[in-house]
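Asker: Mind having a look at this structure? Questions to follow.
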Amino acid sequence: MRSKKIKFSFLLLFSLVLGGLLLTGCGVKEPDAATGHPSGIEVYTIADAAGDWGFPSPYGHYDRGPGILRMSFLFDTLVWRDATAYVPALAENWEYLEEETAYLFELRPDVTWHDGEPFTARDVAFTFRYLKEHPYSMADTTAVAAVEVLDDYRVIIKLHEPFAPFLARIAGAVPILPEHIWQSVENPAEYSQPEAVIGTGPYKLADYNREQGSYLYLANEDYYLGEPLVKQLRFVKLNPQLAGAALLRGEINYTPIPPEMLDELLGQDISIVKADYDFAVKLMFNHTKEPFSGKEFRQGLAYAINRQELVDIAKRGHGLAGSPGLLSETSPWYNGGVPAYGYDQDRALALFEKAGYHYENGKLVKDGKPAMFTLLFDPDTEREAQLLEKQLEEVGIELRLRSVETKTRDSLVSDWQFDLALLGHGGLGTDPAFYTQVIVGPSFHSARYTANEQLNNLIKDQLKTMDRESRLGLLKKIQEIYAEEMPCLTLYYPDNYFAHDGQVELFNTWQGVATGVPLPLNKLSFVQRGGIPQ
Amino acid sequence: MKWHRGLTGYGIALLLIITLNFLLPRLLPGDPLLAIYGEEALLTMPAEQQALLREKLGLDGSLVHQYFFYWHNLLQGDLGYSYSYKAPVAAVLLGALPWTLLLVGTSLLLSTWLGLILGLESGWRRGKTLDGVLLTGLVFLGGIPDFFLGMLLLIFFGVTFKLFPLSGSMTLYSGLKGFPLVLDILWHLVLPVVSLTLVRLSGNYLVARNTMIATVNEPFIFTAKAKGVPEAGIRYRHAGKHVLLPVVTQLGVGLGRLVTGSLFIEMVFSYPGLGLLLRRAVEARDYPLLTGAAILLALGVLMGSFLVEIIYSRIDPRLKHAH
């Protein structure tokens with residue numbers, strides 16, 4: 001009697017919840033009468049492990065890719081990028097005025113803010129003024145000298161000097177804010193009123209729940225590129241190990257997946273997007289001291305390390321062996337012609353000898369001292385460290401492995417307190433201004449290598465070279481010199497996979513979304529089929 | 001009962017904890033700005049802005065300066081501003097607190113109650129089949145890490161049999177209200193609570209069982225038997241009261257693990273709660289959030305043991321007179 005009751009209430013509970021799930025629907029398609037194609041998608045659910053990426057206003061989102069993405073669905077920039085190039089967004093046309101060192105933007109006349117107010121050139125001017133006072137951490141606007149409003153729909157942005165990354169890092173990254181709302185906001189980081197998320201974007205925020213790590217976005221039916229394809233966009237939190245199961249069940253439509261899950265999903269009716277390479281794991285040399293200050297020794301190490309083996313064993317094949325020029329083959333600025341430093345122990349030995357070393361009982365020795373170095377790494381790269389120890393032992397170099405917590409490694413590297421260190425960073429898929437920053441910049445990720453005058457000058461010049469082809473030429477040269485100088489060795493680029501149900505056509509954005517986010521979630525995918533605006 | 005005496009002790013403990021909470025996170029190695037803002041962000045952030053942030057975060061001031069600043073705010077109920085969450089610490093903590101209370105509170109009560117009952121029954125039947133089965137089974141369960149048990153439950157009942165949801169504490173944006181919403185929350189609660197309860201059960205069970213075994217031969221049990229009190233009455237009314245004491249003590253200890261103990265379960269089930277919050281605060285070196293959470297924890301533990309003391313004197317009248 002009692003157990004029957006329990007069973008009944010359990011069934012009731014189960015069916016109630018299931019009913020609730022079915023009623024809300026999980027991406028129900030309705031065929032369009034005229035074309036037979038799905039006219040719209042009711043609900044599309046995007047999952048990831050963290051869920052919460054901050055209140056999606058420009059000053060509220062966390063300064064990480066997924067936070068920027070969530071904001072980018074609500075706010076627009078002057079220009080945007082699709083899979084291959086810059087495309088119009090709030091600006092229909094733009095032109096670089098060489099004599100004035102300025103950009104002229106012709107804005108769309110048909111844009112309104114989510115609250116119905118018209119969008120004009122004054123909003124653009126206001127945004128840049130506001131950012132000077134309250135910097136937006138993901139876009140540095142110090143290159144902008146002045147913004148001049150010509151009329152309601154034309155605006156000129158003047159630069160201090162030619163700045164090649166302008167479209168990528170400013171026009172395509174700065175979210176334009178409504179003047180009528182933000183003009184009275186003194187403390188933007190703590191501004192989380194509903195008005196704080198009024199943008200011009202294809203979606204409006206209906207709910208943000210920090211604890212649950214969830215967002216509910218509703219389509220902005222008046223969007224200037226047309227009514228969005230997906231009516232309701234949801235962002236939720238999900239344990240990545242369960243992502244595959246949830247996707248197959250139809251509970252979610254998109255999720256990042258660990259590479260190990262690939263085989264499990266391949267036979268299923270699931271689409272997979274492999275991200276362009278953005279992240280690199282590098283072997284840092286302390287080139288401020290002997291013997292790493294000598295180019296030959298660094299080059300010798302590069303020949304002595306089998307990068308493919310690192311990928312095959314440490315990453316179980318889920319990665320690409322590093323290019324000595326640092327940029328990967330998926331970068332539009334890649335130079336395929338740089339010295340390859342293929343695994344070659346003989347060449348390594350020759351270079352070590354050039355650096356003053358010789359062999360004694362199978363050990364590399366200089367001035368009576370054996371080659372013995374410490375390799376600093378964090379727990380994430382332990383397997384890589386062990387492989388390097390083995391590989392370098394074969395050429396007579398003894399490595400002492402020193403595993404420390406990530407933050408400790410970072411600060412030791414920052415203070416140059418290491419011989420060799422394993423370290424990784426993203427950002428290689430974005431505008432190459434970033435790439436050059438990790439060569440000469442002051443951050444600990446950077447090789448901080450300023451010994452080569454020609455390299456320094458090229459890096460300065462490419463920033464001012466507005467012609468894309470000429471800039472590409474300079475960048476190819478930079479990669480060549482970088483590979484030759486070998487200030488640090490690119491070991492590999494890890495693979496990143498994303499699984500989705502194919503209802504929306506997802507693609508990798510050229511140079512990443514907005515500020516360069518390497519995720520296949522471009523808002524254009526959710527606006528129009530194929531993601532290309534007409 | 002010397003209330004004020006007890007309270008003074010708790011006050012001193014709280015003061016010490018708050019001071020320690022202030023000091024400890026600031027003694028961690030590494031650049032806090034880097035941790036708060038993350039690698040990518042710092043890479044693209046201009047130097048002037050970094051300096052501005054350092055100033056804003058008070059990282060350049062002396063420890064003493066930071067400490068005074070800290071107390072001033074604390075007394076106003078302001079736990080500071082979490083830079084990794086970009087929200088007031090109090091709001092961040094209060095948002096997660098109800099879910100932790102629901103998850104850990106439920107499993108704490110369940111494991112205490114079940115442990116008591118099973119321990120009573122097992123100890124009473126020492127050496128019998130039921131005792132053997134319970135002892136082996138519960139000690140075995142107690143040896144399994146809670147997250148592993150959670151994963152097993154999730155794989156079987158969530159993924160394979162599809163009886164329970166895969167993550168979260170409620171069905172998001174389902175539009176459920178009232179009773180169906182409560183059911184939905186309970187439905188999401190089942191697996192995490194079962195995993196936490198099963199793992200914690202063994203501690204309470206063993207304590208209850210051992211006490212029962214020691215109690216069975218006490219003279220007052222003989223007296224009760226001789227008086228003709230029914231067996232169940234002896235077990236629960238006479239011996240049970242005795243067994244309750246150490247189990248309540250365990251409850252006080254358990255309150256201390258209220259938050260940290262559920263961290264892995266929260267991770268496995270993507271359950272929103274203080275455990276995950278704390279982990280993220282440590283990762284991001286979010287000082288205000290770390291100290292805020294620790295103070296909340298300390299308050300919880302102190303209040304918990306104070307409460308246990310009161311319960312104790314209720315169920316054990318001897319304590320009122322003992323000195």
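In the structure tokens, chains take the letters A, B, ... in the order shown, each chain's residues start at 1, and ligands count up from 1 in the order shown.
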From a DSSP calculation on the backbone, collect every residue of stretch 114-249 of chain B in alpha helix (DSSP H) and output the set as a ChimeraX atom specification.
Answerer: /B:114-124,129-143,146-153,178-216,219-227,231-233,240-249
Asker: Quick one: everything within 7 Å of stretch 195-211 of chain A, counting only C-alpha atoms, minus sequence neighbours fewer than 5 positions away in the same chain. Send it as number ranges by chain.
Answerer: A: 52, 55-57, 73-76, 112-115, 177-178, 181, 216-220, 223, 228; B: 95-96, 272
Asker: Enumerate as a PyMOL selection string all residues of stretch 304-530 of chain A assigned to strand (DSSP E) by DSSP on the backbone, naming them with the chain letters and numbers the document uses.
Answerer: chain A and resi 319-321+358-360+363-366+369-370+372-377+398-403+420-425+488-494+497-500
Asker: So that I can see what lies close to B:Leu79, please list as a compact mmCIF listing (two decimals) with N, CA, C and O atoms, in the first residue's frame the residues with an atom at most 6 Å from it, counting only C-alpha atoms and leaving out residues fewer than 5 positions away in the same chain.
Answerer:
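And here is the file that came out, selection.txt:
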```txt
# COMPACT_ATOMS: atom_id res chain seq x y z
N LEU B 74 33.03 46.25 7.13
CA LEU B 74 32.41 45.06 7.69
C LEU B 74 31.30 45.44 8.67
O LEU B 74 30.22 44.87 8.66
N VAL B 89 29.93 41.50 -2.72
CA VAL B 89 30.19 40.17 -2.16
C VAL B 89 28.95 39.61 -1.46
O VAL B 89 28.59 38.45 -1.64
N ALA B 90 28.30 40.48 -0.68
CA ALA B 90 27.14 40.00 0.08
C ALA B 90 26.08 39.44 -0.86
O ALA B 90 25.49 38.39 -0.60
N GLY B 292 34.83 37.26 2.62
CA GLY B 292 33.40 37.31 2.87
C GLY B 292 32.85 35.91 3.10
O GLY B 292 32.11 35.66 4.07
```
Asker: Mind checking which residues fall within 10 Å of stretch 414-418 of chain A, counting only C-alpha atoms, ignoring those fewer than 4 positions away in the same chain, and posting them as a list in words?
Answerer: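 Final neighbour list, sorted by chain and number: Met284, Phe285, Asn286, His287, Thr288, Lys289, Phe373, Thr374, Leu375, Leu376, Arg402, Thr408, Arg409, Asp410, Pro442, Ser443, Phe444, His445, Ser446 and Arg448 of chain A.
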Asker: Quick one: everything within 12 Å of A:Gly396, counting only C-alpha atoms, minus sequence neighbours fewer than 5 positions away in the same chain. Send it as a list in words.
Answerer: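 These residues fall inside the cut-off: Leu301, Ala304, Gln345, Ala348, Leu349, Phe352, Tyr357, His358, Tyr359, Glu360, Asn361, Gly362, Lys363, Leu364, Val365, Lys366, Pro370, Ala371, Met372, Phe373, Glu389, Lys390 and Gln391 of chain A.
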Asker: Excluding A:Ala447 and any residue of its chain fewer than 4 positions from it, enumerate the residues within 7 Å of it, using only C-alpha atoms, and give them as a PDB file with C-alpha atoms, in the first residue's frame.
Answerer:
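Written output follows (out-v1.pdb):
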```pdb
ATOM      1  CA  VAL A 438      53.993  38.406 -27.093  1.00  0.00           C
ATOM      2  CA  ILE A 439      57.373  38.852 -28.765  1.00  0.00           C
ATOM      3  CA  VAL A 440      58.486  42.200 -27.343  1.00  0.00           C
ATOM      4  CA  PRO A 487      63.426  33.493 -28.421  1.00  0.00           C
ATOM      5  CA  CYS A 488      61.083  30.719 -27.349  1.00  0.00           C
TER       6      CYS A 488
END
```
Asker: Just checking: using only C-alpha atoms, which residue out of A:Glu133, A:Asp461, A:Asp367, A:Glu100 ends up closest to chain B?
Answerer: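 Ranked by minimum distance to chain B, first place goes to A:Glu133.
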Asker: Pick out the closest residue to chain A from this set: B:Leu277, B:Ile234, B:Leu7, B:Leu245. Count only C-alpha atoms.
Answerer: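 Using only C-alpha atoms, chain A sits closest to B:Leu277.
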Asker: For atom CA of A:Ala421 and atom CA of A:Ile397, determine how far apart the two atoms are, in Å to one decimal place.
Answerer: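 About the pair atom CA of A:Ala421 and atom CA of A:Ile397: they are 15.2 Å apart.
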Asker: Given only C-alpha atoms as the basis, pick out the residue of B:Ser202, B:Ser111, B:Ser174, B:Gln50 nearest to chain A.
Answerer: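 Counting only C-alpha atoms, the residue closest to chain A is B:Ser174.
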Asker: Name all residues at most 6 Å from stretch 276-280 of chain A (count only C-alpha atoms; drop same-chain ones fewer than 5 positions away) and give them as a ChimeraX atom specification.
Answerer: /A:330,424-429,492-493
Asker: Considering only C-alpha atoms, can you say which of A:Tyr130, A:Tyr449, A:Tyr215, A:Tyr103 comes closest to chain B?
Answerer: A:Tyr215
